[in-house]
Amino acid sequence: MKLLALLLALFPALVAAQAQIPAEAKRLQGMLIREAHFVFGLGAPINYLAGQITQESNWRPGITAWDNGRGLAQFMDPTAAWAAEQFKDLGKPEPYNPLWAIRAMTRLDAYNVAHIYGDTACDSWGAALKGYNAGLGYVKRAQKQSKTPGRWFGVTEQINAGQSAMNFEYSRPYPRWIIGKHAPKFAIWG
């Protein structure tokens with residue numbers, strides 16, 4: 001009975017969250033879930049990945065940003081080329097192709113998670129997402145400078161390891177936007 005009462009209490013919040021999800025996200029949901037499970041296993045952080053796409057393009061596969069980021073996952077040309085070389089199964093770079101973008105983004109996120117460390121899964125993802133947005137080198141340098149390198153939020157995220165002030169101020173809150181603002185909308189997906 002308590003579980004039913006809890007579910008009924010949460011139902012309006014879940015309905016409201018679903019209403020905020022773009023139609024294109026719903027169309028690509030299955031593709032993202034399949035790719036996330038392939039790369040991360042059944043415990044894949046689908047809500048983080050969906051939140052990341054929301055932050056990057058708001059699920060618009062044909063968009064080109066002011067900084068020349070392209071497609072659903074906003075790949076810059078050098079990063080798209082690196083991903084295609086690093087992950088041979090991707091084939092040639094196609095950032096405007098939703099399947100390619102989702103596959104490349106999930107693989108790059110997994111690569112980042114594997115190449116940094118965090119005291120918790122949330123800290124690891126915070127650092128990995130910052131690496132996606134700013135570059136993994138900045139994250140690794142910040143971790144080397146930090147007194148507690150495994151703590152991302154509230155500690156290492158505050159260290160500017162060589163970015164311009166403008167880029168640092170943009171990329172520093174990027175993980176928080178995804179994990180705190182966008183990912184909760186997709187909690188029901190995972």
# chains A, B, ... in the order shown; residues from 1 in each chain; ligands from 1
>>> residues_around(residues="Ala81 (chain A)", least_positions_apart="2", cutoff="12 Å", atoms="only C-alpha atoms", output="list in words")
Phe75, Met76, Asp77, Pro78, Thr79, Ala83, Ala84, Glu85, Gln86, Phe87, Lys88, Leu90, Gly91, Lys92, Pro93, Glu94, Pro95 and Ala104 of chain A
>>> residues_around(residues="region 19-30 of chain A", least_positions_apart="2", cutoff="12 Å", atoms="only C-alpha atoms", output="number ranges by chain")
A: 12-17, 32-37, 46-47, 49-54, 57-62, 72, 97-99, 101-102, 181-190
>>> atom_distance(atom1="CA of Gly162 (chain A)", atom2="CA of Tyr138 (chain A)")
6.8 Å
>>> select_by_dssp(residues="region 78-182 of chain A", states="helix (DSSP H, G or I)", output="PyMOL selection string")
chain A and resi 78-86+88-90+98-115+121-134+136-145+156-158+165-171+174-182
>>> closest_residue(among="A:Thr120, A:Gln163, A:Thr106, A:Thr64", to="Arg141 (chain A)", atoms="only C-alpha atoms")
A:Gln163
>>> atom_distance(atom1="CA of Ile159 (chain A)", atom2="CA of Val139 (chain A)")
9.0 Å
>>> atom_distance(atom1="CA of Arg176 (chain A)", atom2="CA of Trp152 (chain A)")
10.8 Å
>>> closest_residue(among="A:Glu169, A:Asn133, A:Asp119, A:Asp89", to="Gln74 (chain A)", atoms="only C-alpha atoms")
A:Asn133
>>> closest_residue(among="A:Gly71, A:Gly137, A:Gly154, A:Gly131", to="Ser171 (chain A)", atoms="only C-alpha atoms")
A:Gly131
>>> residues_around(residues="Gly150 (chain A)", least_positions_apart="4", cutoff="10 Å", atoms="only C-alpha atoms", output="list in words")
Ile116, Tyr117, Gly118, Asp119, Thr120, Asp123, Ser124, Ala127, Gln143, Ser146, Val155 and Thr156 of chain A
>>> closest_residue(among="A:Ala114, A:Ala80, A:Leu129, A:Leu108", to="Gln55 (chain A)", atoms="only C-alpha atoms")
A:Leu129
